[in-house]
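Content type TSV, N, CA and C atoms and all ligand atoms, from the file entry35.tsv:
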```
chain	number	residue	atom	x	y	z
S	272	MET	N	205.85	211.70	173.14
S	272	MET	CA	206.13	213.14	173.00
S	272	MET	C	207.01	213.41	171.79
S	273	ILE	N	208.02	212.57	171.57
S	273	ILE	CA	208.90	212.75	170.42
S	273	ILE	C	208.10	212.60	169.12
S	274	ALA	N	207.26	211.60	169.08
S	274	ALA	CA	206.46	211.35	167.88
S	274	ALA	C	205.58	212.55	167.55
S	275	THR	N	205.01	213.17	168.57
S	275	THR	CA	204.15	214.34	168.36
S	275	THR	C	204.94	215.48	167.73
S	276	GLY	N	206.16	215.68	168.23
S	276	GLY	CA	207.00	216.75	167.69
S	276	GLY	C	207.29	216.54	166.22
S	277	ILE	N	207.57	215.33	165.84
S	277	ILE	CA	207.86	215.03	164.43
S	277	ILE	C	206.62	215.29	163.57
S	278	PHE	N	205.47	214.91	164.09
S	278	PHE	CA	204.24	215.10	163.33
S	278	PHE	C	204.01	216.59	163.05
S	279	ILE	N	204.21	217.43	164.06
S	279	ILE	CA	203.98	218.87	163.87
S	279	ILE	C	204.96	219.44	162.85
S	280	ALA	N	206.22	219.02	162.94
S	280	ALA	CA	207.23	219.53	162.02
S	280	ALA	C	206.88	219.17	160.58
S	281	SER	N	206.45	217.96	160.34
S	281	SER	CA	206.15	217.56	158.96
S	281	SER	C	204.88	218.23	158.47
S	282	ALA	N	203.93	218.47	159.35
S	282	ALA	CA	202.70	219.16	158.95
S	282	ALA	C	203.03	220.59	158.52
S	283	MET	N	203.94	221.24	159.22
S	283	MET	CA	204.32	222.61	158.87
S	283	MET	C	205.03	222.65	157.53
S	284	ALA	N	205.90	221.68	157.27
S	284	ALA	CA	206.59	221.62	155.98
S	284	ALA	C	205.57	221.47	154.86
S	285	GLY	N	204.55	220.63	155.09
S	285	GLY	CA	203.52	220.43	154.09
S	285	GLY	C	202.77	221.71	153.80
S	286	ALA	N	202.47	222.47	154.82
S	286	ALA	CA	201.73	223.73	154.63
S	286	ALA	C	202.54	224.70	153.78
S	287	GLN	N	203.84	224.72	153.97
S	287	GLN	CA	204.68	225.63	153.17
S	287	GLN	C	204.67	225.24	151.71
S	288	GLU	N	204.74	223.95	151.42
S	288	GLU	CA	204.72	223.49	150.03
S	288	GLU	C	203.44	223.90	149.33
S	289	GLN	N	202.35	224.01	150.09
S	289	GLN	CA	201.07	224.29	149.48
S	289	GLN	C	200.75	225.78	149.35
S	290	ALA	N	201.70	226.64	149.76
S	290	ALA	CA	201.45	228.07	149.58
S	290	ALA	C	201.22	228.33	148.09
S	291	PRO	N	200.11	228.97	147.73
S	291	PRO	CA	199.77	229.07	146.31
S	291	PRO	C	200.68	230.02	145.56
S	292	ASN	N	200.92	229.67	144.32
S	292	ASN	CA	201.62	230.52	143.40
S	292	ASN	C	200.61	231.57	142.92
S	293	ARG	N	200.95	232.83	143.01
S	293	ARG	CA	200.01	233.88	142.61
S	293	ARG	C	200.32	234.36	141.20
S	294	ARG	N	199.29	234.46	140.40
S	294	ARG	CA	199.44	234.93	139.02
S	294	ARG	C	198.47	236.08	138.82
S	295	GLU	N	198.90	237.07	138.06
S	295	GLU	CA	198.07	238.25	137.87
S	295	GLU	C	198.01	238.62	136.38
S	296	PHE	N	196.81	238.88	135.90
S	296	PHE	CA	196.61	239.21	134.48
S	296	PHE	C	195.65	240.38	134.36
S	297	THR	N	195.91	241.23	133.38
S	297	THR	CA	194.94	242.25	133.00
S	297	THR	C	194.46	241.89	131.60
S	298	ILE	N	193.15	241.77	131.47
S	298	ILE	CA	192.56	241.41	130.18
S	298	ILE	C	191.67	242.57	129.74
S	299	VAL	N	191.93	243.04	128.54
S	299	VAL	CA	191.14	244.15	128.00
S	299	VAL	C	190.10	243.58	127.04
S	300	ALA	N	188.84	243.94	127.26
S	300	ALA	CA	187.75	243.53	126.38
S	300	ALA	C	187.36	244.74	125.55
S	301	LYS	N	187.71	244.67	124.29
S	301	LYS	CA	187.49	245.83	123.43
S	301	LYS	C	187.42	245.39	121.97
S	302	ASP	N	186.65	246.08	121.19
S	302	ASP	CA	186.53	245.76	119.76
S	302	ASP	C	186.21	244.28	119.54
S	303	ARG	N	185.28	243.76	120.32
S	303	ARG	CA	184.78	242.39	120.17
S	303	ARG	C	185.85	241.34	120.37
S	304	ALA	N	186.86	241.65	121.20
S	304	ALA	CA	187.92	240.67	121.45
S	304	ALA	C	188.50	240.87	122.84
S	305	PHE	N	189.06	239.80	123.37
S	305	PHE	CA	189.82	239.87	124.62
S	305	PHE	C	191.30	239.95	124.27
S	306	THR	N	192.02	240.82	124.96
S	306	THR	CA	193.47	240.92	124.79
S	306	THR	C	194.15	240.89	126.16
S	307	PRO	N	194.96	239.88	126.47
S	307	PRO	CA	195.27	238.72	125.63
S	307	PRO	C	194.07	237.78	125.58
S	308	ASN	N	194.06	236.89	124.59
S	308	ASN	CA	192.97	235.92	124.50
S	308	ASN	C	193.42	234.53	124.91
S	309	LYS	N	194.63	234.47	125.51
S	309	LYS	CA	195.09	233.19	126.05
S	309	LYS	C	195.79	233.44	127.38
S	310	VAL	N	195.38	232.68	128.39
S	310	VAL	CA	195.97	232.80	129.72
S	310	VAL	C	196.42	231.41	130.14
S	311	GLU	N	197.70	231.29	130.53
S	311	GLU	CA	198.22	229.99	130.93
S	311	GLU	C	198.70	230.04	132.38
S	312	VAL	N	198.21	229.10	133.18
S	312	VAL	CA	198.60	229.00	134.57
S	312	VAL	C	198.84	227.54	134.90
S	313	SER	N	199.29	227.29	136.13
S	313	SER	CA	199.46	225.92	136.60
S	313	SER	C	198.36	225.59	137.60
S	314	GLN	N	198.05	224.33	137.67
S	314	GLN	CA	196.98	223.89	138.56
S	314	GLN	C	197.26	224.35	139.99
S	315	ASP	N	196.24	224.84	140.64
S	315	ASP	CA	196.24	225.34	142.01
S	315	ASP	C	196.85	226.74	142.15
S	316	ASP	N	197.26	227.36	141.06
S	316	ASP	CA	197.66	228.76	141.14
S	316	ASP	C	196.48	229.61	141.62
S	317	LEU	N	196.80	230.66	142.33
S	317	LEU	CA	195.78	231.64	142.70
S	317	LEU	C	195.83	232.73	141.62
S	318	VAL	N	194.78	232.82	140.84
S	318	VAL	CA	194.78	233.67	139.65
S	318	VAL	C	193.96	234.93	139.92
S	319	LYS	N	194.59	236.07	139.71
S	319	LYS	CA	193.91	237.35	139.89
S	319	LYS	C	193.76	237.99	138.51
S	320	ILE	N	192.54	238.28	138.15
S	320	ILE	CA	192.29	238.86	136.83
S	320	ILE	C	191.62	240.22	136.99
S	321	THR	N	192.16	241.19	136.29
S	321	THR	CA	191.50	242.48	136.17
S	321	THR	C	190.94	242.56	134.76
S	322	LEU	N	189.62	242.64	134.68
S	322	LEU	CA	188.95	242.76	133.39
S	322	LEU	C	188.64	244.23	133.17
S	323	THR	N	189.16	244.76	132.09
S	323	THR	CA	188.92	246.17	131.74
S	323	THR	C	188.13	246.21	130.44
S	324	SER	N	186.99	246.88	130.46
S	324	SER	CA	186.20	246.94	129.24
S	324	SER	C	186.53	248.22	128.48
S	325	GLY	N	186.30	248.17	127.18
S	325	GLY	CA	186.43	249.38	126.37
S	325	GLY	C	185.19	250.23	126.56
S	326	ASP	N	184.63	250.72	125.51
S	326	ASP	CA	183.49	251.62	125.67
S	326	ASP	C	182.19	250.87	125.95
S	327	ARG	N	182.17	249.54	125.75
S	327	ARG	CA	180.96	248.77	125.99
S	327	ARG	C	181.14	247.85	127.20
S	328	PRO	N	180.03	247.50	127.86
S	328	PRO	CA	180.14	246.53	128.95
S	328	PRO	C	180.67	245.20	128.42
S	329	ALA	N	181.35	244.46	129.28
S	329	ALA	CA	181.87	243.15	128.89
S	329	ALA	C	181.86	242.23	130.09
S	330	SER	N	181.90	240.94	129.83
S	330	SER	CA	181.99	240.00	130.94
S	330	SER	C	183.07	238.97	130.65
S	331	PHE	N	183.50	238.34	131.71
S	331	PHE	CA	184.48	237.25	131.63
S	331	PHE	C	183.82	236.05	132.28
S	332	THR	N	183.53	235.04	131.46
S	332	THR	CA	182.75	233.90	131.92
S	332	THR	C	183.49	232.60	131.63
S	333	ILE	N	183.61	231.74	132.65
S	333	ILE	CA	184.13	230.38	132.44
S	333	ILE	C	183.15	229.44	133.14
S	334	ASP	N	182.43	228.68	132.35
S	334	ASP	CA	181.38	227.83	132.91
S	334	ASP	C	181.92	226.83	133.94
S	335	ALA	N	183.02	226.14	133.59
S	335	ALA	CA	183.52	225.07	134.46
S	335	ALA	C	183.95	225.61	135.82
S	336	TYR	N	184.32	226.87	135.87
S	336	TYR	CA	184.76	227.48	137.13
S	336	TYR	C	183.65	228.31	137.78
S	337	ARG	N	182.49	228.33	137.13
S	337	ARG	CA	181.36	229.11	137.64
S	337	ARG	C	181.75	230.58	137.87
S	338	ILE	N	182.51	231.10	136.91
S	338	ILE	CA	182.91	232.51	136.98
S	338	ILE	C	182.09	233.28	135.96
S	339	ALA	N	181.51	234.38	136.37
S	339	ALA	CA	180.83	235.29	135.44
S	339	ALA	C	180.96	236.68	136.04
S	340	LYS	N	181.97	237.42	135.58
S	340	LYS	CA	182.24	238.75	136.12
S	340	LYS	C	182.02	239.79	135.03
S	341	ARG	N	181.39	240.88	135.41
S	341	ARG	CA	181.00	241.90	134.45
S	341	ARG	C	181.71	243.22	134.76
S	342	ALA	N	182.15	243.88	133.71
S	342	ALA	CA	182.71	245.23	133.86
S	342	ALA	C	181.87	246.18	133.02
S	343	ALA	N	181.41	247.23	133.62
S	343	ALA	CA	180.65	248.25	132.89
S	343	ALA	C	181.57	248.94	131.88
S	344	GLY	N	180.96	249.56	130.88
S	344	GLY	CA	181.74	250.21	129.84
S	344	GLY	C	182.76	251.18	130.40
S	345	GLY	N	184.00	251.02	130.01
S	345	GLY	CA	185.06	251.92	130.43
S	345	GLY	C	185.60	251.66	131.83
S	346	LEU	N	185.06	250.63	132.49
S	346	LEU	CA	185.49	250.35	133.86
S	346	LEU	C	186.17	248.98	133.98
S	347	SER	N	186.70	248.72	135.18
S	347	SER	CA	187.40	247.47	135.44
S	347	SER	C	186.77	246.74	136.60
S	348	THR	N	186.93	245.43	136.60
S	348	THR	CA	186.56	244.64	137.76
S	348	THR	C	187.69	243.65	138.01
S	349	THR	N	187.98	243.40	139.28
S	349	THR	CA	189.07	242.49	139.63
S	349	THR	C	188.51	241.35	140.47
S	350	PHE	N	188.96	240.15	140.17
S	350	PHE	CA	188.50	238.98	140.92
S	350	PHE	C	189.60	237.94	140.96
S	351	GLU	N	189.46	236.99	141.88
S	351	GLU	CA	190.46	235.94	142.04
S	351	GLU	C	189.78	234.59	142.05
S	352	PHE	N	190.50	233.60	141.58
S	352	PHE	CA	190.03	232.22	141.73
S	352	PHE	C	191.23	231.29	141.79
S	353	ARG	N	191.00	230.13	142.36
S	353	ARG	CA	192.06	229.12	142.39
S	353	ARG	C	191.86	228.19	141.21
S	354	ALA	N	192.89	228.02	140.42
S	354	ALA	CA	192.79	227.19	139.21
S	354	ALA	C	192.90	225.72	139.60
S	355	ASP	N	191.88	225.21	140.24
S	355	ASP	CA	191.97	223.85	140.80
S	355	ASP	C	191.63	222.75	139.79
S	356	GLN	N	191.11	223.14	138.63
S	356	GLN	CA	190.79	222.13	137.61
S	356	GLN	C	191.76	222.27	136.45
S	357	ALA	N	192.48	221.19	136.16
S	357	ALA	CA	193.39	221.20	135.02
S	357	ALA	C	192.60	221.04	133.73
S	358	GLY	N	193.14	221.61	132.67
S	358	GLY	CA	192.49	221.45	131.37
S	358	GLY	C	192.52	222.73	130.58
S	359	THR	N	191.79	222.73	129.48
S	359	THR	CA	191.68	223.89	128.61
S	359	THR	C	190.23	224.35	128.62
S	360	PHE	N	190.03	225.60	128.94
S	360	PHE	CA	188.68	226.14	129.13
S	360	PHE	C	188.49	227.38	128.26
S	361	THR	N	187.30	227.54	127.77
S	361	THR	CA	186.98	228.74	127.00
S	361	THR	C	186.46	229.82	127.95
S	362	PHE	N	187.02	231.01	127.83
S	362	PHE	CA	186.36	232.14	128.51
S	362	PHE	C	185.70	232.99	127.45
S	363	TYR	N	184.55	233.53	127.80
S	363	TYR	CA	183.76	234.26	126.80
S	363	TYR	C	182.96	235.36	127.48
S	364	CYS	N	182.36	236.19	126.65
S	364	CYS	CA	181.50	237.25	127.15
S	364	CYS	C	180.06	236.77	127.03
S	365	ASN	N	179.32	236.83	128.13
S	365	ASN	CA	177.95	236.28	128.12
S	365	ASN	C	176.88	237.37	128.05
S	366	LEU	N	177.25	238.56	127.62
S	366	LEU	CA	176.26	239.65	127.58
S	366	LEU	C	175.52	239.59	126.25
S	367	THR	N	174.41	238.88	126.25
S	367	THR	CA	173.72	238.61	124.99
S	367	THR	C	173.13	239.85	124.34
S	368	LYS	N	172.93	240.90	125.11
S	368	LYS	CA	172.32	242.10	124.52
S	368	LYS	C	173.33	243.03	123.86
S	369	GLU	N	174.61	242.75	124.07
S	369	GLU	CA	175.64	243.59	123.45
S	369	GLU	C	176.03	242.99	122.11
S	370	PRO	N	176.10	243.77	121.06
S	370	PRO	CA	176.49	243.22	119.76
S	370	PRO	C	177.93	242.72	119.78
S	371	GLY	N	178.15	241.61	119.10
S	371	GLY	CA	179.51	241.10	118.97
S	371	GLY	C	179.98	240.23	120.11
S	372	CYS	N	179.18	240.08	121.14
S	372	CYS	CA	179.65	239.31	122.30
S	372	CYS	C	179.85	237.84	121.97
S	373	ALA	N	179.07	237.31	121.04
S	373	ALA	CA	179.23	235.90	120.68
S	373	ALA	C	180.62	235.62	120.12
S	374	ASP	N	181.27	236.66	119.60
S	374	ASP	CA	182.61	236.49	119.03
S	374	ASP	C	183.71	236.61	120.07
S	375	MET	N	183.36	237.07	121.26
S	375	MET	CA	184.40	237.34	122.26
S	375	MET	C	184.74	236.07	123.01
S	376	LYS	N	185.88	235.48	122.65
S	376	LYS	CA	186.30	234.23	123.27
S	376	LYS	C	187.79	234.22	123.51
S	377	GLY	N	188.18	233.46	124.50
S	377	GLY	CA	189.60	233.25	124.77
S	377	GLY	C	189.77	231.89	125.41
S	378	THR	N	191.02	231.58	125.75
S	378	THR	CA	191.33	230.25	126.28
S	378	THR	C	192.11	230.36	127.58
S	379	LEU	N	191.66	229.64	128.58
S	379	LEU	CA	192.42	229.48	129.82
S	379	LEU	C	193.01	228.08	129.81
S	380	VAL	N	194.33	228.01	129.90
S	380	VAL	CA	195.01	226.72	129.98
S	380	VAL	C	195.53	226.54	131.40
S	381	VAL	N	195.09	225.46	132.04
S	381	VAL	CA	195.56	225.14	133.39
S	381	VAL	C	196.38	223.85	133.29
S	382	LYS	N	197.69	224.00	133.42
S	382	LYS	CA	198.56	222.83	133.29
S	382	LYS	C	198.50	222.00	134.56
S	383	ALA	N	198.32	220.71	134.37
S	383	ALA	CA	198.22	219.79	135.51
S	383	ALA	C	199.53	219.78	136.29
S	384	LYS	N	199.43	219.62	137.60
S	384	LYS	CA	200.64	219.58	138.43
S	384	LYS	C	201.45	218.32	138.15
S	401	CU	CU	180.63	241.29	125.27
```

Let me see the file written as structure tokens.
Amino acid sequence: MIATGIFIASAMAGAQEQAPNRREFTIVAKDRAFTPNKVEVSQDDLVKITLTSGDRPASFTIDAYRIAKRAAGGLSTTFEFRADQAGTFTFYCNLTKEPGCADMKGTLVVKAK
């Protein structure tokens, strides 16, 4: 019985340590650029991004994270993901029919724990 009590106590402490750090960013896609074009978080952070487009539709795409979110012209979209992969990733706009999208790039840096 004593051993069981210790096990539960340590399991609860572990759960508290793993509560995710929440990070929030607003990224504006306008004039063929993302602002800011660099986002830095730590591994396992829960990242909330609001993508706001200017007058044209825009998307926020990160292949390694399988993220592809689109905001219609003049509107915003909000999404969350857990930054579980450490490294440096390019985010870009994948709307091939919009002019200038090939130039829209930024960097997500996920610092390893
Ligand atoms: Cu675009």

Near-stretch 353-355 of chain S list (5 Å; all atoms listed in the file; drop same-chain fewer than 2 positions) as number ranges by chain: S: 314-318, 351, 357

S:Ser347 surroundings by only N, CA and C atoms, 8 Å radius, close-in-sequence under 5 positions cut, as a list of chain:residue names: S:Thr321, S:Leu322, S:Thr323, S:Ser324, S:Arg341, S:Ala342

Which of chain S DSSP labels helix (DSSP H, G or I), written as JSON, numbers by chain: {"S": [273, 274, 275, 276, 277, 278, 279, 280, 281, 282, 283, 284, 285, 286, 287, 288, 334, 335, 336, 372, 373, 374]}

Within 5 Å of S:Thr361 using all atoms listed in the file, minus same-chain residues under 6 positions, as a list in words: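 Within the cut-off, the hits are Gly377, Thr378 and Leu379 of chain S.
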
Secondary structure check, strand (DSSP E or B) residues of stretch 281-362 of chain S, as a ChimeraX atom specification: /S:293-301,304-306,309-313,317-324,329-333,338-342,347-353,358-362

Selected residue of minimal separation from S:Asn365 among S:Ile333, S:Ile298, S:Val312, S:Ile320, counting only C-alpha atoms: S:Ile333

Nearest candidate to ligand CU 401 (chain S) (options S:Ala304, S:Ala335, S:Val310, S:Val381; using only C-alpha atoms and all ligand atoms):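 For ligand CU 401 (chain S), the nearest of the candidates is S:Ala304.
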
Could you give me, as a Markdown table, a per-residue list for chain S showing, wherever an atom lies at most 7 Å from an atom of ligand CU 401 (chain S), the closest pair of atoms and their distance in Å to one decimal, using only N, CA and C atoms and all ligand atoms and sorting by chain then residue number from low to high?
```
| residue | atom | partner | partner_atom | distance |
| --- | --- | --- | --- | --- |
| S:Arg303 | CA | S:CU401 | CU | 6.7 |
| S:Arg327 | C | S:CU401 | CU | 6.9 |
| S:Pro328 | C | S:CU401 | CU | 5.0 |
| S:Ala329 | CA | S:CU401 | CU | 4.3 |
| S:Ser330 | N | S:CU401 | CU | 4.7 |
| S:Tyr363 | C | S:CU401 | CU | 6.7 |
| S:Cys364 | CA | S:CU401 | CU | 4.5 |
| S:Asn365 | N | S:CU401 | CU | 5.5 |
| S:Leu366 | N | S:CU401 | CU | 4.9 |
| S:Thr367 | N | S:CU401 | CU | 6.7 |
| S:Glu369 | CA | S:CU401 | CU | 5.8 |
| S:Pro370 | C | S:CU401 | CU | 6.3 |
| S:Gly371 | C | S:CU401 | CU | 5.3 |
| S:Cys372 | CA | S:CU401 | CU | 3.7 |
| S:Ala373 | N | S:CU401 | CU | 6.0 |
| S:Met375 | CA | S:CU401 | CU | 6.2 |
```

Just-selected residues, N, CA and C atoms written as a JSON list (two decimals), keeping the file's coordinate frame:
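Written file, result-v1.json:
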```json
[["chain", "number", "residue", "atom", "x", "y", "z"],
["S", 303, "ARG", "N", 185.28, 243.76, 120.32],
["S", 303, "ARG", "CA", 184.78, 242.39, 120.17],
["S", 303, "ARG", "C", 185.85, 241.34, 120.37],
["S", 327, "ARG", "N", 182.17, 249.54, 125.75],
["S", 327, "ARG", "CA", 180.96, 248.77, 125.99],
["S", 327, "ARG", "C", 181.14, 247.85, 127.20],
["S", 328, "PRO", "N", 180.03, 247.50, 127.86],
["S", 328, "PRO", "CA", 180.14, 246.53, 128.95],
["S", 328, "PRO", "C", 180.67, 245.20, 128.42],
["S", 329, "ALA", "N", 181.35, 244.46, 129.28],
["S", 329, "ALA", "CA", 181.87, 243.15, 128.89],
["S", 329, "ALA", "C", 181.86, 242.23, 130.09],
["S", 330, "SER", "N", 181.90, 240.94, 129.83],
["S", 330, "SER", "CA", 181.99, 240.00, 130.94],
["S", 330, "SER", "C", 183.07, 238.97, 130.65],
["S", 363, "TYR", "N", 184.55, 233.53, 127.80],
["S", 363, "TYR", "CA", 183.76, 234.26, 126.80],
["S", 363, "TYR", "C", 182.96, 235.36, 127.48],
["S", 364, "CYS", "N", 182.36, 236.19, 126.65],
["S", 364, "CYS", "CA", 181.50, 237.25, 127.15],
["S", 364, "CYS", "C", 180.06, 236.77, 127.03],
["S", 365, "ASN", "N", 179.32, 236.83, 128.13],
["S", 365, "ASN", "CA", 177.95, 236.28, 128.12],
["S", 365, "ASN", "C", 176.88, 237.37, 128.05],
["S", 366, "LEU", "N", 177.25, 238.56, 127.62],
["S", 366, "LEU", "CA", 176.26, 239.65, 127.58],
["S", 366, "LEU", "C", 175.52, 239.59, 126.25],
["S", 367, "THR", "N", 174.41, 238.88, 126.25],
["S", 367, "THR", "CA", 173.72, 238.61, 124.99],
["S", 367, "THR", "C", 173.13, 239.85, 124.34],
["S", 369, "GLU", "N", 174.61, 242.75, 124.07],
["S", 369, "GLU", "CA", 175.64, 243.59, 123.45],
["S", 369, "GLU", "C", 176.03, 242.99, 122.11],
["S", 370, "PRO", "N", 176.10, 243.77, 121.06],
["S", 370, "PRO", "CA", 176.49, 243.22, 119.76],
["S", 370, "PRO", "C", 177.93, 242.72, 119.78],
["S", 371, "GLY", "N", 178.15, 241.61, 119.10],
["S", 371, "GLY", "CA", 179.51, 241.10, 118.97],
["S", 371, "GLY", "C", 179.98, 240.23, 120.11],
["S", 372, "CYS", "N", 179.18, 240.08, 121.14],
["S", 372, "CYS", "CA", 179.65, 239.31, 122.30],
["S", 372, "CYS", "C", 179.85, 237.84, 121.97],
["S", 373, "ALA", "N", 179.07, 237.31, 121.04],
["S", 373, "ALA", "CA", 179.23, 235.90, 120.68],
["S", 373, "ALA", "C", 180.62, 235.62, 120.12],
["S", 375, "MET", "N", 183.36, 237.07, 121.26],
["S", 375, "MET", "CA", 184.40, 237.34, 122.26],
["S", 375, "MET", "C", 184.74, 236.07, 123.01]]
```

Nearest-residue call for S:Lys384, choices S:Thr332, S:Ser313, S:Asn292, S:Thr297, using all atoms listed in the file: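 Result for the nearest residue to S:Lys384: S:Ser313.
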
Residue among S:Ala383, S:Gly344, S:Arg337, S:Asp374 lying closest to S:Gln356, counting all atoms listed in the file: S:Ala383
